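What follows is run.cif (mmCIF, C-alpha atoms).
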```
data_my_file
loop_
_atom_site.group_PDB
_atom_site.id
_atom_site.type_symbol
_atom_site.label_atom_id
_atom_site.label_comp_id
_atom_site.auth_asym_id
_atom_site.auth_seq_id
_atom_site.Cartn_x
_atom_site.Cartn_y
_atom_site.Cartn_z
ATOM 1 C CA MET A 110 152.992 109.299 65.213
ATOM 2 C CA LYS A 111 153.975 105.826 64.122
ATOM 3 C CA VAL A 112 156.129 105.394 61.046
ATOM 4 C CA ASP A 113 157.683 102.137 59.970
ATOM 5 C CA ASN A 114 158.322 102.137 56.291
ATOM 6 C CA PHE A 115 161.220 102.558 53.936
ATOM 7 C CA PHE A 116 160.950 106.338 54.074
ATOM 8 C CA SER A 117 160.610 106.715 57.844
ATOM 9 C CA PRO A 118 163.948 108.589 58.249
ATOM 10 C CA ILE A 119 162.455 111.293 56.020
ATOM 11 C CA ASP A 120 159.243 111.454 58.061
ATOM 12 C CA ILE A 121 161.207 111.635 61.304
ATOM 13 C CA ALA A 122 163.482 114.410 60.014
ATOM 14 C CA VAL A 123 160.425 116.335 58.801
ATOM 15 C CA SER A 124 158.826 116.032 62.244
ATOM 16 C CA GLY A 125 162.031 117.556 63.687
ATOM 17 C CA LEU A 126 161.863 120.416 61.197
ATOM 18 C CA GLN A 127 158.231 121.119 62.093
ATOM 19 C CA ALA A 128 158.974 121.008 65.831
ATOM 20 C CA GLN A 129 161.859 123.459 65.503
ATOM 21 C CA GLY A 130 159.691 125.704 63.312
ATOM 22 C CA LYS A 131 157.151 125.804 66.144
ATOM 23 C CA GLN A 132 159.911 126.461 68.679
ATOM 24 C CA MET A 133 161.034 129.393 66.525
ATOM 25 C CA GLU A 134 157.468 130.722 66.596
ATOM 26 C CA VAL A 135 157.399 130.558 70.399
ATOM 27 C CA ILE A 136 160.798 132.284 70.700
ATOM 28 C CA SER A 137 159.774 135.063 68.339
ATOM 29 C CA SER A 138 156.605 135.613 70.380
ATOM 30 C CA ASN A 139 158.718 135.837 73.553
ATOM 31 C CA VAL A 140 161.187 138.284 71.992
ATOM 32 C CA ALA A 141 158.437 140.440 70.493
ATOM 33 C CA ASN A 142 156.675 140.627 73.866
ATOM 34 C CA ALA A 143 159.805 141.186 75.975
ATOM 35 C CA ARG A 144 158.425 144.560 77.123
ATOM 36 C CA THR A 145 154.661 143.921 77.021
ATOM 37 C CA SER A 146 153.485 145.071 80.437
ATOM 38 C CA ASP A 147 149.815 144.335 79.765
ATOM 39 C CA ALA A 148 148.708 140.996 78.324
ATOM 40 C CA GLY A 149 145.185 141.098 79.766
ATOM 41 C CA GLN A 150 144.061 139.928 83.225
ATOM 42 C CA GLY A 151 146.144 142.750 84.724
ATOM 43 C CA GLU A 152 149.366 140.802 84.205
ATOM 44 C CA PRO A 153 152.319 141.386 81.939
ATOM 45 C CA TYR A 154 153.092 138.872 79.175
ATOM 46 C CA ARG A 155 154.149 135.514 80.548
ATOM 47 C CA ARG A 156 157.035 133.728 78.817
ATOM 48 C CA LEU A 157 155.958 130.691 76.772
ATOM 49 C CA GLU A 158 157.798 127.427 76.396
ATOM 50 C CA ALA A 159 157.165 124.754 73.754
ATOM 51 C CA ALA A 160 157.051 121.278 75.310
ATOM 52 C CA PHE A 161 157.892 118.529 72.838
ATOM 53 C CA LYS A 162 157.052 114.909 73.350
ATOM 54 C CA SER A 163 157.761 111.553 71.784
ATOM 55 C CA ASP A 164 156.059 108.220 72.275
ATOM 56 C CA GLY A 165 159.393 106.667 73.153
ATOM 57 C CA ASP A 166 159.477 104.733 69.922
ATOM 58 C CA LEU A 167 160.888 105.358 66.466
ATOM 59 C CA GLY A 168 158.365 107.969 65.481
ATOM 60 C CA GLY A 169 159.892 111.412 65.473
ATOM 61 C CA VAL A 170 158.982 114.303 67.703
ATOM 62 C CA GLU A 171 155.571 115.773 68.360
ATOM 63 C CA LEU A 172 154.549 119.130 69.708
ATOM 64 C CA GLY A 173 152.810 118.541 73.038
ATOM 65 C CA GLU A 174 151.618 121.914 74.272
ATOM 66 C CA ILE A 175 152.865 125.436 74.615
ATOM 67 C CA LEU A 176 153.089 126.067 78.358
ATOM 68 C CA PRO A 177 153.470 129.320 80.281
ATOM 69 C CA ASP A 178 156.644 129.862 82.306
ATOM 70 C CA MET A 179 155.451 130.399 85.904
ATOM 71 C CA GLY A 180 158.640 132.224 86.966
ATOM 72 C CA ASP A 181 158.416 135.601 88.768
ATOM 73 C CA PHE A 182 157.864 138.766 86.761
ATOM 74 C CA LEU A 183 160.630 141.337 86.589
ATOM 75 C CA ARG A 184 160.025 144.539 88.548
ATOM 76 C CA ILE A 185 161.394 147.707 87.013
ATOM 77 C CA TYR A 186 161.553 151.061 88.781
ATOM 78 C CA ASP A 187 159.727 153.546 86.545
ATOM 79 C CA PRO A 188 157.605 155.991 88.577
ATOM 80 C CA GLY A 189 156.504 157.951 85.489
ATOM 81 C CA ASN A 190 154.852 154.890 83.978
ATOM 82 C CA PRO A 191 151.027 154.994 84.155
ATOM 83 C CA ARG A 192 151.081 151.288 85.189
ATOM 84 C CA ALA A 193 153.487 151.888 88.085
ATOM 85 C CA ASP A 194 152.325 150.782 91.540
ATOM 86 C CA GLY A 195 152.461 152.869 94.726
ATOM 87 C CA ASP A 196 156.235 152.394 95.072
ATOM 88 C CA GLY A 197 156.880 153.335 91.435
ATOM 89 C CA TYR A 198 157.566 149.811 90.194
ATOM 90 C CA VAL A 199 156.186 148.308 86.985
ATOM 91 C CA ALA A 200 155.839 144.542 86.490
ATOM 92 C CA MET A 201 157.470 143.396 83.264
ATOM 93 C CA PRO A 202 157.438 139.978 81.500
ATOM 94 C CA ASN A 203 159.654 137.208 82.896
ATOM 95 C CA ILE A 204 161.727 137.219 79.742
ATOM 96 C CA ASN A 205 165.494 137.163 79.703
ATOM 97 C CA LEU A 206 166.570 138.190 76.206
ATOM 98 C CA PRO A 207 169.988 136.473 76.255
ATOM 99 C CA VAL A 208 168.238 133.204 77.164
ATOM 100 C CA GLU A 209 165.845 133.654 74.256
ATOM 101 C CA MET A 210 168.732 134.305 71.861
ATOM 102 C CA MET A 211 170.470 131.184 73.127
ATOM 103 C CA ASN A 212 167.303 129.134 72.540
ATOM 104 C CA LEU A 213 167.079 130.696 69.084
ATOM 105 C CA SER A 214 170.595 129.492 68.253
ATOM 106 C CA ILE A 215 169.770 125.992 69.510
ATOM 107 C CA ALA A 216 166.565 125.885 67.456
ATOM 108 C CA THR A 217 168.447 126.998 64.342
ATOM 109 C CA ARG A 218 171.179 124.388 64.812
ATOM 110 C CA VAL A 219 168.691 121.586 65.439
ATOM 111 C CA TYR A 220 166.772 122.627 62.339
ATOM 112 C CA GLN A 221 170.008 122.507 60.335
ATOM 113 C CA ALA A 222 170.850 119.095 61.791
ATOM 114 C CA ASN A 223 167.466 117.743 60.689
ATOM 115 C CA VAL A 224 168.007 119.128 57.189
ATOM 116 C CA ALA A 225 171.431 117.420 57.158
ATOM 117 C CA VAL A 226 169.830 114.085 58.095
ATOM 118 C CA LEU A 227 167.205 114.539 55.395
ATOM 119 C CA MET A 228 169.802 115.289 52.725
ATOM 120 C CA ARG A 229 172.093 112.489 53.831
ATOM 121 C CA TYR A 230 169.292 109.919 53.699
ATOM 122 C CA GLN A 231 168.213 111.177 50.299
ATOM 123 C CA ARG A 232 171.767 110.712 49.023
ATOM 124 C CA MET A 233 171.885 107.232 50.584
ATOM 125 C CA VAL A 234 168.766 106.091 48.741
ATOM 126 C CA GLU A 235 170.095 107.659 45.550
ATOM 127 C CA THR A 236 173.238 105.550 45.960
ATOM 128 C CA THR A 237 171.052 102.456 46.251
ATOM 129 C CA LEU A 238 169.219 103.487 43.086
ATOM 130 C CA GLU A 239 172.569 103.798 41.313
ATOM 131 C CA LEU A 240 172.739 100.003 41.512
ATOM 132 C CA LEU A 241 169.856 99.853 39.060
ATOM 133 C CA ARG A 242 171.641 101.845 36.374
ATOM 134 C CA MET B 39 166.273 82.124 29.386
ATOM 135 C CA LEU B 40 168.757 84.045 31.423
ATOM 136 C CA LYS B 41 166.907 87.307 30.710
ATOM 137 C CA MET B 42 163.607 85.842 31.909
ATOM 138 C CA THR B 43 165.003 84.991 35.295
ATOM 139 C CA SER B 44 166.510 88.466 35.636
ATOM 140 C CA PHE B 45 163.080 90.023 34.932
ATOM 141 C CA LYS B 46 161.534 87.869 37.583
ATOM 142 C CA ARG B 47 164.173 89.051 39.971
ATOM 143 C CA LEU B 48 163.464 92.673 39.015
ATOM 144 C CA ALA B 49 159.759 92.188 39.586
ATOM 145 C CA ARG B 50 160.466 90.728 42.998
ATOM 146 C CA PHE B 51 162.722 93.668 43.750
ATOM 147 C CA LEU B 52 160.015 96.168 42.867
ATOM 148 C CA LEU B 53 157.476 94.274 44.941
ATOM 149 C CA MET B 54 159.894 94.281 47.835
ATOM 150 C CA TYR B 55 160.204 98.075 47.554
ATOM 151 C CA LEU B 56 156.442 98.501 47.412
ATOM 152 C CA GLU B 57 156.066 96.251 50.418
ATOM 153 C CA ARG B 58 158.671 98.165 52.379
ATOM 154 C CA GLN B 59 156.689 101.318 51.750
ATOM 155 C CA GLY B 60 153.875 99.724 53.714
ATOM 156 C CA LEU B 61 151.673 98.911 50.778
ATOM 157 C CA CYS B 62 150.621 95.559 52.182
ATOM 158 C CA ILE B 63 151.759 93.495 49.228
ATOM 159 C CA ASP B 64 152.799 90.074 50.325
ATOM 160 C CA ILE B 65 155.609 88.700 48.160
ATOM 161 C CA GLY B 66 154.629 85.198 49.187
ATOM 162 C CA LYS B 67 151.340 85.314 47.283
ATOM 163 C CA PRO B 68 151.564 84.772 43.508
ATOM 164 C CA GLN B 69 149.820 88.071 42.762
ATOM 165 C CA MET B 70 152.086 89.129 39.925
ATOM 166 C CA SER B 71 150.458 86.631 37.604
ATOM 167 C CA LYS B 72 147.277 88.722 37.733
ATOM 168 C CA THR B 73 148.826 91.799 36.186
ATOM 169 C CA ASN B 74 149.762 91.583 32.551
ATOM 170 C CA SER B 75 153.277 92.932 32.842
ATOM 171 C CA ILE B 76 155.730 94.647 35.089
ATOM 172 C CA THR B 77 155.964 97.451 32.518
ATOM 173 C CA ALA B 78 152.288 98.340 32.959
ATOM 174 C CA LEU B 79 152.732 98.369 36.735
ATOM 175 C CA LEU B 80 155.772 100.619 36.492
ATOM 176 C CA GLU B 81 154.071 102.945 34.031
ATOM 177 C CA ALA B 82 151.083 103.309 36.336
ATOM 178 C CA GLY B 83 153.506 104.120 39.164
ATOM 179 C CA VAL B 84 155.309 106.749 37.095
ATOM 180 C CA LYS B 85 151.979 108.322 36.154
ATOM 181 C CA ALA B 86 150.867 108.460 39.784
ATOM 182 C CA GLU B 87 154.173 109.989 40.943
ATOM 183 C CA ALA B 88 154.006 112.640 38.200
ATOM 184 C CA LEU B 89 150.510 113.578 39.354
ATOM 185 C CA ARG B 90 151.635 113.630 42.993
ATOM 186 C CA GLN B 91 154.473 115.993 42.064
ATOM 187 C CA LYS B 92 151.840 118.324 40.574
ATOM 188 C CA ALA B 93 149.752 118.075 43.752
ATOM 189 C CA ILE B 94 152.796 118.941 45.905
ATOM 190 C CA SER B 95 153.706 121.959 43.765
ATOM 191 C CA ASN B 96 150.092 123.084 44.001
ATOM 192 C CA ASN B 97 150.291 122.805 47.798
ATOM 193 C CA VAL B 98 153.533 124.811 47.939
ATOM 194 C CA ALA B 99 152.079 127.471 45.629
ATOM 195 C CA ASN B 100 149.123 127.800 48.025
ATOM 196 C CA LEU B 101 151.284 127.934 51.153
ATOM 197 C CA GLU B 102 149.727 131.208 52.305
ATOM 198 C CA THR B 103 146.312 131.000 50.650
ATOM 199 C CA PRO B 104 143.660 131.486 53.349
ATOM 200 C CA GLY B 105 141.342 128.501 53.723
ATOM 201 C CA TYR B 106 143.346 126.203 51.433
ATOM 202 C CA ARG B 107 143.537 122.535 52.500
ATOM 203 C CA ARG B 108 146.381 120.431 51.124
ATOM 204 C CA ILE B 109 145.736 117.871 48.389
ATOM 205 C CA ASP B 110 147.329 114.457 47.961
ATOM 206 C CA VAL B 111 147.193 111.596 45.478
ATOM 207 C CA LYS B 112 145.681 108.240 46.352
ATOM 208 C CA PHE B 113 147.198 105.479 44.237
ATOM 209 C CA GLU B 114 149.136 102.902 46.236
ATOM 210 C CA GLU B 115 146.104 102.039 48.367
ATOM 211 C CA LEU B 116 143.967 101.556 45.252
ATOM 212 C CA LEU B 117 146.678 99.413 43.648
ATOM 213 C CA ALA B 118 147.052 97.246 46.753
ATOM 214 C CA LYS B 119 143.268 96.847 46.977
ATOM 215 C CA SER B 120 142.915 95.830 43.333
ATOM 216 C CA LEU B 121 145.836 93.397 43.629
ATOM 217 C CA ASP B 122 144.127 91.863 46.653
ATOM 218 C CA SER B 123 140.748 91.439 44.963
ATOM 219 C CA SER B 124 140.115 88.374 42.844
ATOM 220 C CA GLY B 125 140.075 88.482 39.043
ATOM 221 C CA SER B 126 142.478 90.155 36.687
ATOM 222 C CA VAL B 127 143.583 93.718 37.245
ATOM 223 C CA ASP B 128 143.276 96.240 34.445
ATOM 224 C CA LEU B 129 145.922 98.831 35.217
ATOM 225 C CA SER B 130 144.652 101.254 32.583
ATOM 226 C CA GLU B 131 141.423 101.535 34.590
ATOM 227 C CA LEU B 132 143.293 102.218 37.809
ATOM 228 C CA GLU B 133 143.408 106.002 37.909
ATOM 229 C CA PRO B 134 145.289 107.862 40.645
ATOM 230 C CA GLN B 135 142.847 110.042 42.590
ATOM 231 C CA ILE B 136 143.331 113.515 44.008
ATOM 232 C CA TYR B 137 141.826 113.983 47.457
ATOM 233 C CA ARG B 138 142.075 116.244 50.499
ATOM 234 C CA PRO B 139 143.306 114.277 53.550
ATOM 235 C CA LYS B 140 142.319 117.086 56.038
ATOM 236 C CA LEU B 141 144.514 115.470 58.696
ATOM 237 C CA THR B 142 147.088 118.201 59.321
ATOM 238 C CA PRO B 143 146.439 120.942 61.889
ATOM 239 C CA VAL B 144 144.881 124.099 60.477
ATOM 240 C CA LYS B 145 146.647 127.443 60.933
ATOM 241 C CA SER B 146 144.839 130.638 61.932
ATOM 242 C CA ASN B 147 144.116 131.537 58.293
ATOM 243 C CA GLY B 148 142.383 128.198 57.689
ATOM 244 C CA ASN B 149 145.344 126.819 55.721
ATOM 245 C CA ASP B 150 146.914 123.469 56.623
ATOM 246 C CA VAL B 151 149.984 123.286 54.358
ATOM 247 C CA SER B 152 153.327 122.790 56.088
ATOM 248 C CA LEU B 153 156.328 123.612 53.922
ATOM 249 C CA GLU B 154 158.506 121.066 55.748
ATOM 250 C CA SER B 155 156.176 118.148 55.161
ATOM 251 C CA GLU B 156 155.743 119.142 51.513
ATOM 252 C CA VAL B 157 159.529 119.104 51.088
ATOM 253 C CA GLY B 158 159.649 115.645 52.717
ATOM 254 C CA ALA B 159 156.857 114.418 50.445
ATOM 255 C CA MET B 160 158.704 115.820 47.440
ATOM 256 C CA ILE B 161 161.915 113.991 48.349
ATOM 257 C CA LYS B 162 160.041 110.709 48.805
ATOM 258 C CA ASN B 163 158.170 111.276 45.587
ATOM 259 C CA SER B 164 161.267 111.962 43.525
ATOM 260 C CA LEU B 165 163.055 108.920 44.966
ATOM 261 C CA ARG B 166 160.141 106.666 44.061
ATOM 262 C CA TYR B 167 159.951 108.266 40.630
ATOM 263 C CA THR B 168 163.672 107.625 40.042
ATOM 264 C CA LEU B 169 163.223 104.011 41.162
ATOM 265 C CA TYR B 170 160.370 103.367 38.726
ATOM 266 C CA ILE B 171 162.183 105.081 35.851
ATOM 267 C CA ARG B 172 165.370 103.109 36.492
ATOM 268 C CA LEU B 173 163.433 99.826 36.600
ATOM 269 C CA LEU B 174 161.586 100.722 33.388
ATOM 270 C CA ASN B 175 164.872 101.640 31.775
ATOM 271 C CA LYS B 176 166.321 98.286 32.761
ATOM 272 C CA LYS B 177 163.275 96.470 31.396
ATOM 273 C CA TYR B 178 163.469 98.308 28.065
ATOM 274 C CA ARG B 179 167.180 97.620 27.756
ATOM 275 C CA GLY B 180 166.432 93.935 28.274
ATOM 276 C CA ILE B 181 163.873 94.020 25.454
ATOM 277 C CA GLU B 182 166.357 95.899 23.299
ATOM 278 C CA SER B 183 169.101 93.348 23.785
ATOM 279 C CA ALA B 184 166.592 90.570 23.102
ATOM 280 C CA ILE B 185 165.734 92.202 19.745
ATOM 281 C CA ASN B 186 169.395 92.610 18.822
ATOM 282 C CA THR B 187 170.211 88.959 19.427
ATOM 283 C CA LYS B 188 170.992 87.062 16.214
#
```
Entire entry expressed as structure tokens:
Amino acid sequence: MKVDNFFSPIDIAVSGLQAQGKQMEVISSNVANARTSDAGQGEPYRRLEAAFKSDGDLGGVELGEILPDMGDFLRIYDPGNPRADGDGYVAMPNINLPVEMMNLSIATRVYQANVAVLMRYQRMVETTLELLR
Amino acid sequence: MLKMTSFKRLARFLLMYLERQGLCIDIGKPQMSKTNSITALLEAGVKAEALRQKAISNNVANLETPGYRRIDVKFEELLAKSLDSSGSVDLSELEPQIYRPKLTPVKSNGNDVSLESEVGAMIKNSLRYTLYIRLLNKKYRGIESAINTK
């Protein structure tokens, strides 16, 4: 994304809002699937991570891809579970709920920060327009 | 005489704003002489921004409508093109057009409206609208004081 006009701070802040919205989507998927022991292919749900990218220039943030977290699955002892292996262990998603909640807080704060930038820039331009009164 | 120079300065100011928005209008070229008046230019701008506001509210209203693609208003490009072409420009013929850009990623329900970008577009739109209205206001006040002169 390349923006270089008078309103580029608005475009950049909006790109931040969209990125954090996507991040929120990924976190909510992770939280909802924290105990999904079957996500197809005989594996439990694998934690997802949103990877953002920027072209290193003044152009806001872009969503690159949503990548799987290749960390080890949790193993929970639950012999009564129909998916338990010979030793009575069930593989569970590699999701750590406190980590997800922490990421959720960060995403919320960054979203708020982008809204603050948007509002501040709007007020700045309004001040400029006051000169024309 | 003093008023005339201040209008010229206002016109330059507006052109500078348009140029900074990436509308490819070069201040260096004497293009203003082609249009009849700055008032007509400003009025056309106000009209386009009012229509764009309608388009944005339509997009927000259809935020969750399956298969809906966002609409936008094409005006600045048309204005820049007509200012570039030779011959006089009739601003009353220059109508803002509604079109579907189809550039934004489509969600699973076939809808491509993003609330955040609509909010951003609305802020930009209202700032431009305020700018045009303020400039028009200034122009009219100039005319008014010219009439009142004895």
Give as a PDB file with C-alpha atoms, keeping the file's coordinate frame every residue, naming chains and numbers as the document does, that has an atom within 8 Å of (156.2, 150.6, 86.4), counting all atoms listed in the file.
```
ATOM      1  CA  ARG A 184     160.025 144.539  88.548  1.00  0.00           C
ATOM      2  CA  ILE A 185     161.394 147.707  87.013  1.00  0.00           C
ATOM      3  CA  TYR A 186     161.553 151.061  88.781  1.00  0.00           C
ATOM      4  CA  ASP A 187     159.727 153.546  86.545  1.00  0.00           C
ATOM      5  CA  PRO A 188     157.605 155.991  88.577  1.00  0.00           C
ATOM      6  CA  GLY A 189     156.504 157.951  85.489  1.00  0.00           C
ATOM      7  CA  ASN A 190     154.852 154.890  83.978  1.00  0.00           C
ATOM      8  CA  PRO A 191     151.027 154.994  84.155  1.00  0.00           C
ATOM      9  CA  ARG A 192     151.081 151.288  85.189  1.00  0.00           C
ATOM     10  CA  ALA A 193     153.487 151.888  88.085  1.00  0.00           C
ATOM     11  CA  ASP A 194     152.325 150.782  91.540  1.00  0.00           C
ATOM     12  CA  GLY A 197     156.880 153.335  91.435  1.00  0.00           C
ATOM     13  CA  TYR A 198     157.566 149.811  90.194  1.00  0.00           C
ATOM     14  CA  VAL A 199     156.186 148.308  86.985  1.00  0.00           C
ATOM     15  CA  ALA A 200     155.839 144.542  86.490  1.00  0.00           C
ATOM     16  CA  MET A 201     157.470 143.396  83.264  1.00  0.00           C
TER      17      MET A 201
END
```
*Report as a ChimeraX atom specification the full result of the PyMOL selection byres ((chain A) within 8 of (chain B)) when it is applied to this structure.*
/A:113-116,119-120,123-124,126-127,231,234-235,238,241-242
Hey, what's within 9 Å of Ser95 in chain B if we count all atoms listed in the file and toss same-chain stuff fewer than 5 positions away? As a PDB file with C-alpha atoms, in the coordinates of the input, please?
```
ATOM      1  CA  ARG B  90     151.635 113.630  42.993  1.00  0.00           C
ATOM      2  CA  ASN B 100     149.123 127.800  48.025  1.00  0.00           C
ATOM      3  CA  GLU B 156     155.743 119.142  51.513  1.00  0.00           C
ATOM      4  CA  MET B 160     158.704 115.820  47.440  1.00  0.00           C
TER       5      MET B 160
END
```
*asked:* Evaluated on this file, the PyMOL selection byres ((chain A and resi 153-161) around 7) picks out some residues - which ones are they, written as a ChimeraX atom specification?
replied: /A:132,135,139,142,145-148,151-152,162,170-178,200-204
*Work out how far CA of Ile215 in chain A is from CA of Gly169 in chain A, in Å to one decimal.*
18.1 Å
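The spacing separating CA of Asp110 in chain B from CA of Gln135 in chain B amounts to 8.3 Å.
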*Residues in the PyMOL selection byres ((chain B and resi 139) around 9), expressed as a list in words*: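 Selected by the PyMOL selection byres ((chain B and resi 139) around 9) in this file: Arg107, Arg108, Ile109, Asp110, Tyr137, Arg138, Lys140, Leu141 and Thr142 of chain B.
Distance check against Ala128 in chain A using all atoms listed in the file: of A:Asn205, A:Ser214, A:Ser163, A:Thr236, the minimum falls on A:Ser163.
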